[in-house]
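K.L.:
What follows is a structure written as structure tokens; I'll ask about it next.
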Protein chains: 2
Amino acid sequence: MRAVDIIRAKRDGDALSREAIDSFVSGVTDGSWPDYQIAALLMAIVLKGMTPVETAWLTDAMSRSGEHVNLDAIPGIKVGKHSTGGVGDKVSIVLAPLAAACGVVVPKMSGRGLGHTGGTLDKLESIPGFRVSLSLDEYRKMLAEIGCCLISQTETIAPADKALYALRDVTGTVESLPLIASSVMSKKLAEGSNALVLDVKCGRGAFMQRPSDARLLARSLVSIGTAAGVRTEAFITRMDVPLGRAVGNAVEIAECIEVLKGAGPADLTALVVRLATRMVRLAEKVATDEEAEARVRSALASGAALEKLRALIKGQGGDPAVVDDTSRLPAATSVHRLKAESSGCITALDALLVGRAAVALGAGRDKKGDAVDLAAGIMLLKKPGEAVSAGDTLMELRYNDGSRLNAAIALAAQAAVIGDKAPPEQGLVMGWVHDSGETLFVAGM
Amino acid sequence: MRAVDIIRAKRDGDALSREAIDSFVSGVTDGSWPDYQIAALLMAIVLKGMTPVETAWLTDAMSRSGEHVNLDAIPGIKVGKHSTGGVGDKVSIVLAPLAAACGVVVPKMSGRGLGHTGGTLDKLESIPGFRVSLSLDEYRKMLAEIGCCLISQTETIAPADKALYALRDVTGTVESLPLIASSVMSKKLAEGSNALVLDVKCGRGAFMQRPSDARLLARSLVSIGTAAGVRTEAFITRMDVPLGRAVGNAVEIAECIEVLKGAGPADLTALVVRLATRMVRLAEKVATDEEAEARVRSALASGAALEKLRALIKGQGGDPAVVDDTSRLPAATSVHRLKAESSGCITALDALLVGRAAVALGAGRDKKGDAVDLAAGIMLLKKPGEAVSAGDTLMELRYNDGSRLNAAIALAAQAAVIGDKAPPEQGLVMGWVHDSGETLFVAGM
């Protein structure tokens with residue numbers, strides 16, 4: 001099957017055969033398709049789309065382009081988790097030990113931050129000694145002994161996706177539902193989970209800004225997982241405002257520890273409990289959501305989840321004492337306090353601007369390979385719905401490199417809006433796409 | 001201006017700015033745009049189109065990516081000619097000396113055959129000694145002294161088009177009106193003509209099969225030429241049946257000489273006279289088409305056009321004696337006569353199949369760089385409207401390589417259709433797009 005014929009078929013709006021899709025993915029993986037033919041097909045896919053069946057085939061082929069981890073030797077239903085990325089999104093770092101403390105095995109490979117969103121791996125690396133690059137044998141050992149781990153994707157996982165992603169980034173072919181969905185799921189399906197809970201972020205600080213787009217993505221992800229025989233469900237959660245009060249790396253690890261001690265921000269805690277509840281259900285540990293939630297809350301209250309995080313850190317070579325003493329995490333040398341210019345109530349706190357301000361301070365990357373300042377970050381002292389008086393500190397900008405401060409202030413100062421009255425309270429969870437359909441918590445999605 | 005932003009703009013259906021188009025063409029020319037970004041933009045152009053203004057800017061930038069020949073030192077209006085390619089299309093080889101014999105200066109760079117269509121350069125190279133690769137100085141000298149020449153495009157003409165064309169061929173991005181039109185016109189505008197007569201072929205043996213597509217292409221070509229200040233007109237001519245009775249290289253040269261001696265096939269002669277008439281008018285040699293046609297017919301009848309061909313051949317290093325003795329052209333060792341299996345009238349003679357049969361005999365190329373057998377070709381003894389009896393020879397397949405014969409017979413045998421009654425007679429010229437609009441000679445275009 002000639003590459004040019006496959007490209008022409010998609011250009012003309014035809015659905016590709018499984019054979020054509022396999023041929024494309026093989027060509028990407030073994031290098032026999034030159035980049036320009038891959039780029040042409042990617043653009044044709046962006047503009048002509050793919051059916052759910054084509055998308056499932058593409059995902060399967062990408063997933064099988066590298067190692068498919070088999071975790072059958074570890075007893076029980078393995079439940080993975082993935083977030084499409086947001087600002088202050090430290091959920092995995094709390095959720096993995098929490099679900100594991102409830103008896104769920106949680107295989108989890110994570111990514112690095114890019115653009116205004118943070119990455120789980122960068123956050124974890126702020127823990128002294130923590131190793132994110134584990135071998136697949138170490139991965140299996142962590143899961144067998146501790147029940148969870150948080151590692152970077154190994155080089156052997158979905159190499160076709162790595163090659164495609166690098167090309168999509170520079171050819172204007174990122175924005176495509178089938179390409180986004182297949183990229184996410186090809187990696188998840190290779191990680192060895194039997195079930196998946198997905199967190200599709202939606203709003204100003206997310207990749208998907210419109211609820212309708214987030215819903216389509218959630219549906220596509222669930223459909224792909226189901227086609228692959230992995231029980232998959234997706235929550236659509238609000239990402240207009242940063243999650244929690246910490247945005248950065250070390251500052252977010254400290255906040256995760258607070259949540260596991262029962263003293264974390266309400267929004268983050270509520271979301272983690274919700275996701276953990278479904279993971280416990282998908283692992284078939286209990287028969288109802290009520291029982292599952294009770295088990296999750298008990299693991300939090302008893303300190304079992306915190307102990308699981310300690311074991312996870314220790315297992316991956318990190319300093320477990322940070323759990324007791326967060327001052328062992330890297331701290332910034334300087335703090336700039338951004339003050340309220342008027343009195344009233346916070347009506348909005350733009351996640352995108354906060355995320356970009358954190359990157360400006362050095363907490364994230366503008367482009368791949370940039371170094372990250374693990375201590376830099378932003379503490380959000382006032383969040384939407386909270387009252388402020390002129391002169392109150394809205395945010396603390398923590399930094400080491402003074403030359404970065406002005407750019408960060410310029411962004412952060414625009415992020416918070418002070419108005420007369422509190423905005424209506426909104427739950428984080430906007431929708432839930434699951435195997436018996438959809439449950440929408442927000443109208444107009 | 002970043003490449004990825006230009007790609008994204010076209011992907012989203014925006015019209016590109018002149019600056020963006022210039023940046024793209026510069027990047028293609030100097031190699032600073034990698035192939036994969038070029039390919040992605042090409043596919044976005046195929047699927048999202050370009051406005052006439054964008055197309056004119058693209059053409060201008062491609063045209064100026066290399067040398068722009070200035071022929072101002074040669075007096076008079078220089079009139080170029082281009083055909084989109086067909087089977088048996090030897091028009092340029094007759095037309096250039098014919099128009100030159102009428103006093104028109106005809107700058108003409110031609111191409112090679114690819115696929116089922118023949119190429120003027122291959123045909124000319126069947127004349128012993130004929131050189132198609134002239135320098136620009138030799139080109140100017142031929143035009144100044146003889147008034148015409150038939151050379152290959154120099155490397156310095158529109159290098160951006162060469163780079164784009166090579167990539168389009170392998171990325172499924174050939175079929176795009178703005179890309180086709182800009183490719184044709186970028187080269188024509190660089191050749192130094194002040195006016196252009198275009199021959200847009202339409203039908204089974206042409207690139208454009210549907211009259212509506214041919215008309216859109218003709219309009220686009222004329223619009224680009226006009227925007228560049230070059231008076232341009234386009235004939236849309238039928239290419240369902242091969243032009244003339246010879247298809248190949250040496251066999252077509254012999255037929256050209258016959259036309260210039262007044263003994264050529266009627267269809268070919270009529271078309272050449274029609275195009276030459278407009279070239280004489282565009283060169284402002286006379287005031288009416290009637291006067292122009294009279295001058296053209298006189299140049300044919302007097303032998304002046306034949307003498308001009310002799311001068312052209314001599315000027316480009318070829319053996320001018322072929323004009324008097326076509327047996328000096330290469331001849332095939334063997335002939336296969338394809339016979340009629342029934343009696344009746346030829347109702348169709350498929351140009352595509354005849355073209356492919358000629359390629360199968362070795363007269364053309366399946367892919368760039370293939371060698372061409374200059375002596376191989378097909379003589380069409382019976383054309384549509386002509387009566388045949390069972391056993392009559394329909395075609396002569398002339399060949400040197402016997403291993404090629406069966407494939408050629410299989411194609412050629414399907415090309416001719418014998419029916420009961422003659423098909424309606426159809427003129428070759430279907431439409432004419434000119435500076436005061438369009439004249440359609442055929443309904444339903």
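By order of appearance in the structure tokens: chains A, B, ..., then residues from 1 within every chain, and ligands from 1 in the order shown.
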Set the distance at 12 Å and use only C-alpha atoms: which residues neighbour Leu216 (chain B) once local chain neighbours fewer than 6 positions away are removed? I'd like the list as a CSV table (one decimal) with N, CA, C and O atoms, in the first residue's frame.

P.N.:
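Output saved as result25.csv:
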chain,number,residue,atom,x,y,z
B,52,PRO,N,-8.2,34.1,-5.6
B,52,PRO,CA,-7.4,34.5,-6.8
B,52,PRO,C,-6.3,35.5,-6.4
B,52,PRO,O,-5.2,35.3,-7.0
B,176,SER,N,-4.9,20.5,-7.1
B,176,SER,CA,-5.3,21.7,-6.4
B,176,SER,C,-5.2,22.8,-7.5
B,176,SER,O,-4.2,23.0,-8.0
B,177,LEU,N,-6.4,23.4,-7.7
B,177,LEU,CA,-6.4,24.5,-8.8
B,177,LEU,C,-5.3,25.6,-8.5
B,177,LEU,O,-4.6,25.9,-9.4
B,178,PRO,N,-5.3,26.2,-7.3
B,178,PRO,CA,-4.3,27.2,-7.2
B,178,PRO,C,-2.8,26.7,-7.3
B,178,PRO,O,-2.0,27.4,-7.8
B,180,ILE,N,-1.8,24.1,-9.1
B,180,ILE,CA,-1.6,23.8,-10.6
B,180,ILE,C,-1.4,25.1,-11.3
B,180,ILE,O,-0.4,25.2,-12.1
B,181,ALA,N,-2.3,26.0,-11.1
B,181,ALA,CA,-2.2,27.3,-11.9
B,181,ALA,C,-1.0,28.0,-11.6
B,181,ALA,O,-0.3,28.6,-12.5
B,200,VAL,N,-5.5,24.7,-22.7
B,200,VAL,CA,-5.9,23.9,-21.6
B,200,VAL,C,-6.6,22.7,-22.1
B,200,VAL,O,-7.7,22.8,-22.7
B,202,CYS,N,-8.6,19.1,-22.2
B,202,CYS,CA,-9.8,18.6,-21.4
B,202,CYS,C,-10.2,17.3,-22.0
B,202,CYS,O,-10.5,17.2,-23.2
B,208,MET,N,-7.1,17.5,-16.8
B,208,MET,CA,-8.5,17.9,-16.5
B,208,MET,C,-9.5,17.1,-17.3
B,208,MET,O,-9.5,17.3,-18.5
B,210,ARG,N,-12.9,16.9,-16.6
B,210,ARG,CA,-14.2,17.6,-16.7
B,210,ARG,C,-14.1,19.0,-17.3
B,210,ARG,O,-13.3,19.8,-16.9
B,222,VAL,N,-5.6,32.7,-16.7
B,222,VAL,CA,-5.8,34.0,-17.3
B,222,VAL,C,-5.7,35.1,-16.3
B,222,VAL,O,-5.1,36.1,-16.4
B,223,SER,N,-6.4,34.8,-15.1
B,223,SER,CA,-6.4,35.8,-14.1
B,223,SER,C,-5.0,36.1,-13.5
B,223,SER,O,-4.6,37.2,-13.2
B,234,ALA,N,-6.7,31.8,-22.9
B,234,ALA,CA,-6.6,30.3,-22.8
B,234,ALA,C,-7.7,29.7,-23.7
B,234,ALA,O,-8.8,30.1,-23.6
B,236,ILE,N,-9.7,26.2,-24.4
B,236,ILE,CA,-9.9,24.9,-23.8
B,236,ILE,C,-10.2,24.0,-25.0
B,236,ILE,O,-11.1,24.2,-25.8
B,431,GLY,N,-13.7,26.1,-25.7
B,431,GLY,CA,-13.9,27.4,-25.1
B,431,GLY,C,-12.7,28.2,-25.2
B,431,GLY,O,-11.6,27.8,-25.5
B,432,TRP,N,-12.9,29.5,-25.0
B,432,TRP,CA,-11.8,30.5,-25.1
B,432,TRP,C,-12.0,31.6,-24.0
B,432,TRP,O,-13.0,32.2,-24.0
B,433,VAL,N,-11.0,31.6,-23.1
B,433,VAL,CA,-11.1,32.6,-22.0
B,433,VAL,C,-10.1,33.7,-22.3
B,433,VAL,O,-8.9,33.5,-22.6
B,438,GLU,N,-15.3,35.3,-21.7
B,438,GLU,CA,-15.2,33.9,-22.1
B,438,GLU,C,-16.1,33.7,-23.4
B,438,GLU,O,-17.2,34.3,-23.5
B,445,MET,N,-20.4,23.6,-20.1
B,445,MET,CA,-19.0,23.6,-19.5
B,445,MET,C,-19.1,24.3,-18.2
B,445,MET,O,-19.9,25.2,-17.9

K.L.:
Report the closest atom pair, with its distance in Å rounded to one decimal, for each residue of chain A that has an atom no farther than 8 Å from chain B; count only C-alpha atoms, sort by chain and then rising residue number, and write it as JSON lines.

P.N.:
{"residue": "A:Val4", "atom": "CA", "partner": "B:Gly172", "partner_atom": "CA", "distance": 5.5}
{"residue": "A:Asp5", "atom": "CA", "partner": "B:Gly172", "partner_atom": "CA", "distance": 7.3}
{"residue": "A:Ile7", "atom": "CA", "partner": "B:Gly172", "partner_atom": "CA", "distance": 5.8}
{"residue": "A:Arg8", "atom": "CA", "partner": "B:Gly172", "partner_atom": "CA", "distance": 5.0}
{"residue": "A:Arg11", "atom": "CA", "partner": "B:Leu47", "partner_atom": "CA", "distance": 7.4}
{"residue": "A:Asp35", "atom": "CA", "partner": "B:Tyr36", "partner_atom": "CA", "distance": 5.4}
{"residue": "A:Tyr36", "atom": "CA", "partner": "B:Tyr36", "partner_atom": "CA", "distance": 3.9}
{"residue": "A:Gln37", "atom": "CA", "partner": "B:Thr171", "partner_atom": "CA", "distance": 5.3}
{"residue": "A:Ile38", "atom": "CA", "partner": "B:Tyr36", "partner_atom": "CA", "distance": 7.7}
{"residue": "A:Ala39", "atom": "CA", "partner": "B:Ala40", "partner_atom": "CA", "distance": 5.2}
{"residue": "A:Ala40", "atom": "CA", "partner": "B:Ala40", "partner_atom": "CA", "distance": 4.9}
{"residue": "A:Leu41", "atom": "CA", "partner": "B:Thr171", "partner_atom": "CA", "distance": 7.9}
{"residue": "A:Leu42", "atom": "CA", "partner": "B:Ala40", "partner_atom": "CA", "distance": 7.7}
{"residue": "A:Met43", "atom": "CA", "partner": "B:Ala40", "partner_atom": "CA", "distance": 5.7}
{"residue": "A:Ala44", "atom": "CA", "partner": "B:Met43", "partner_atom": "CA", "distance": 6.5}
{"residue": "A:Leu47", "atom": "CA", "partner": "B:Leu47", "partner_atom": "CA", "distance": 7.4}
{"residue": "A:Leu167", "atom": "CA", "partner": "B:Tyr36", "partner_atom": "CA", "distance": 7.9}
{"residue": "A:Val170", "atom": "CA", "partner": "B:Val4", "partner_atom": "CA", "distance": 5.7}
{"residue": "A:Thr171", "atom": "CA", "partner": "B:Gln37", "partner_atom": "CA", "distance": 5.4}
{"residue": "A:Gly172", "atom": "CA", "partner": "B:Arg8", "partner_atom": "CA", "distance": 5.0}
{"residue": "A:Thr173", "atom": "CA", "partner": "B:Arg8", "partner_atom": "CA", "distance": 7.9}

K.L.:
How would the residues just picked look written out with N, CA and C atoms as a PDB file, in the first residue's frame?

P.N.:
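out-v3.pdb, written as the output of this step:
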ATOM      1  N   VAL A   4       1.409   7.495  -0.762  1.00  0.00           N
ATOM      2  CA  VAL A   4       0.702   8.581  -1.444  1.00  0.00           C
ATOM      3  C   VAL A   4      -0.761   8.214  -1.685  1.00  0.00           C
ATOM      4  N   ASP A   5      -1.058   6.946  -1.877  1.00  0.00           N
ATOM      5  CA  ASP A   5      -2.454   6.544  -2.082  1.00  0.00           C
ATOM      6  C   ASP A   5      -3.256   6.666  -0.784  1.00  0.00           C
ATOM      7  N   ILE A   7      -2.568   8.844   1.596  1.00  0.00           N
ATOM      8  CA  ILE A   7      -2.739  10.288   1.786  1.00  0.00           C
ATOM      9  C   ILE A   7      -3.890  10.803   0.911  1.00  0.00           C
ATOM     10  N   ARG A   8      -3.909  10.374  -0.339  1.00  0.00           N
ATOM     11  CA  ARG A   8      -4.947  10.840  -1.261  1.00  0.00           C
ATOM     12  C   ARG A   8      -6.336  10.398  -0.813  1.00  0.00           C
ATOM     13  N   ARG A  11      -7.306  12.642   2.009  1.00  0.00           N
ATOM     14  CA  ARG A  11      -7.541  13.973   1.416  1.00  0.00           C
ATOM     15  C   ARG A  11      -8.930  14.045   0.781  1.00  0.00           C
ATOM     16  N   ASP A  35       9.038  12.218   6.726  1.00  0.00           N
ATOM     17  CA  ASP A  35       8.278  13.198   7.503  1.00  0.00           C
ATOM     18  C   ASP A  35       7.265  13.966   6.661  1.00  0.00           C
ATOM     19  N   TYR A  36       7.630  14.264   5.389  1.00  0.00           N
ATOM     20  CA  TYR A  36       6.702  15.088   4.607  1.00  0.00           C
ATOM     21  C   TYR A  36       5.430  14.336   4.254  1.00  0.00           C
ATOM     22  N   GLN A  37       5.532  13.014   4.097  1.00  0.00           N
ATOM     23  CA  GLN A  37       4.300  12.261   3.832  1.00  0.00           C
ATOM     24  C   GLN A  37       3.470  12.128   5.104  1.00  0.00           C
ATOM     25  N   ILE A  38       4.138  11.955   6.227  1.00  0.00           N
ATOM     26  CA  ILE A  38       3.411  11.910   7.503  1.00  0.00           C
ATOM     27  C   ILE A  38       2.687  13.236   7.722  1.00  0.00           C
ATOM     28  N   ALA A  39       3.400  14.348   7.477  1.00  0.00           N
ATOM     29  CA  ALA A  39       2.813  15.670   7.701  1.00  0.00           C
ATOM     30  C   ALA A  39       1.601  15.892   6.801  1.00  0.00           C
ATOM     31  N   ALA A  40       1.704  15.462   5.554  1.00  0.00           N
ATOM     32  CA  ALA A  40       0.577  15.649   4.627  1.00  0.00           C
ATOM     33  C   ALA A  40      -0.633  14.849   5.101  1.00  0.00           C
ATOM     34  N   LEU A  41      -0.402  13.613   5.557  1.00  0.00           N
ATOM     35  CA  LEU A  41      -1.534  12.807   6.033  1.00  0.00           C
ATOM     36  C   LEU A  41      -2.117  13.402   7.313  1.00  0.00           C
ATOM     37  N   LEU A  42      -1.251  13.886   8.203  1.00  0.00           N
ATOM     38  CA  LEU A  42      -1.753  14.491   9.442  1.00  0.00           C
ATOM     39  C   LEU A  42      -2.669  15.673   9.113  1.00  0.00           C
ATOM     40  N   MET A  43      -2.244  16.526   8.178  1.00  0.00           N
ATOM     41  CA  MET A  43      -3.088  17.682   7.841  1.00  0.00           C
ATOM     42  C   MET A  43      -4.406  17.225   7.222  1.00  0.00           C
ATOM     43  N   ALA A  44      -4.351  16.196   6.398  1.00  0.00           N
ATOM     44  CA  ALA A  44      -5.595  15.674   5.813  1.00  0.00           C
ATOM     45  C   ALA A  44      -6.507  15.130   6.912  1.00  0.00           C
ATOM     46  N   LEU A  47      -8.198  17.996   8.719  1.00  0.00           N
ATOM     47  CA  LEU A  47      -9.249  18.682   7.964  1.00  0.00           C
ATOM     48  C   LEU A  47     -10.387  17.762   7.519  1.00  0.00           C
ATOM     49  N   LEU A 167       6.128  15.898  15.314  1.00  0.00           N
ATOM     50  CA  LEU A 167       5.825  16.475  14.005  1.00  0.00           C
ATOM     51  C   LEU A 167       4.567  17.346  14.058  1.00  0.00           C
ATOM     52  N   VAL A 170       4.964  21.058  15.062  1.00  0.00           N
ATOM     53  CA  VAL A 170       5.554  22.040  14.147  1.00  0.00           C
ATOM     54  C   VAL A 170       4.838  22.101  12.796  1.00  0.00           C
ATOM     55  N   THR A 171       3.744  21.363  12.658  1.00  0.00           N
ATOM     56  CA  THR A 171       3.040  21.377  11.366  1.00  0.00           C
ATOM     57  C   THR A 171       1.589  21.816  11.508  1.00  0.00           C
ATOM     58  N   GLY A 172       1.250  22.413  12.647  1.00  0.00           N
ATOM     59  CA  GLY A 172      -0.118  22.918  12.807  1.00  0.00           C
ATOM     60  C   GLY A 172      -1.152  21.809  12.812  1.00  0.00           C
ATOM     61  N   THR A 173      -0.770  20.633  13.286  1.00  0.00           N
ATOM     62  CA  THR A 173      -1.713  19.511  13.257  1.00  0.00           C
ATOM     63  C   THR A 173      -1.985  18.956  14.652  1.00  0.00           C
TER      64      THR A 173
END

K.L.:
Could you pull the residues within 12 Å of region 292-297 of chain B, counting only C-alpha atoms, minus those fewer than 6 positions along the same chain, as a VMD selection string?

P.N.:
chain B and resid 94 to 104 259 to 262 269 to 286 303 to 305
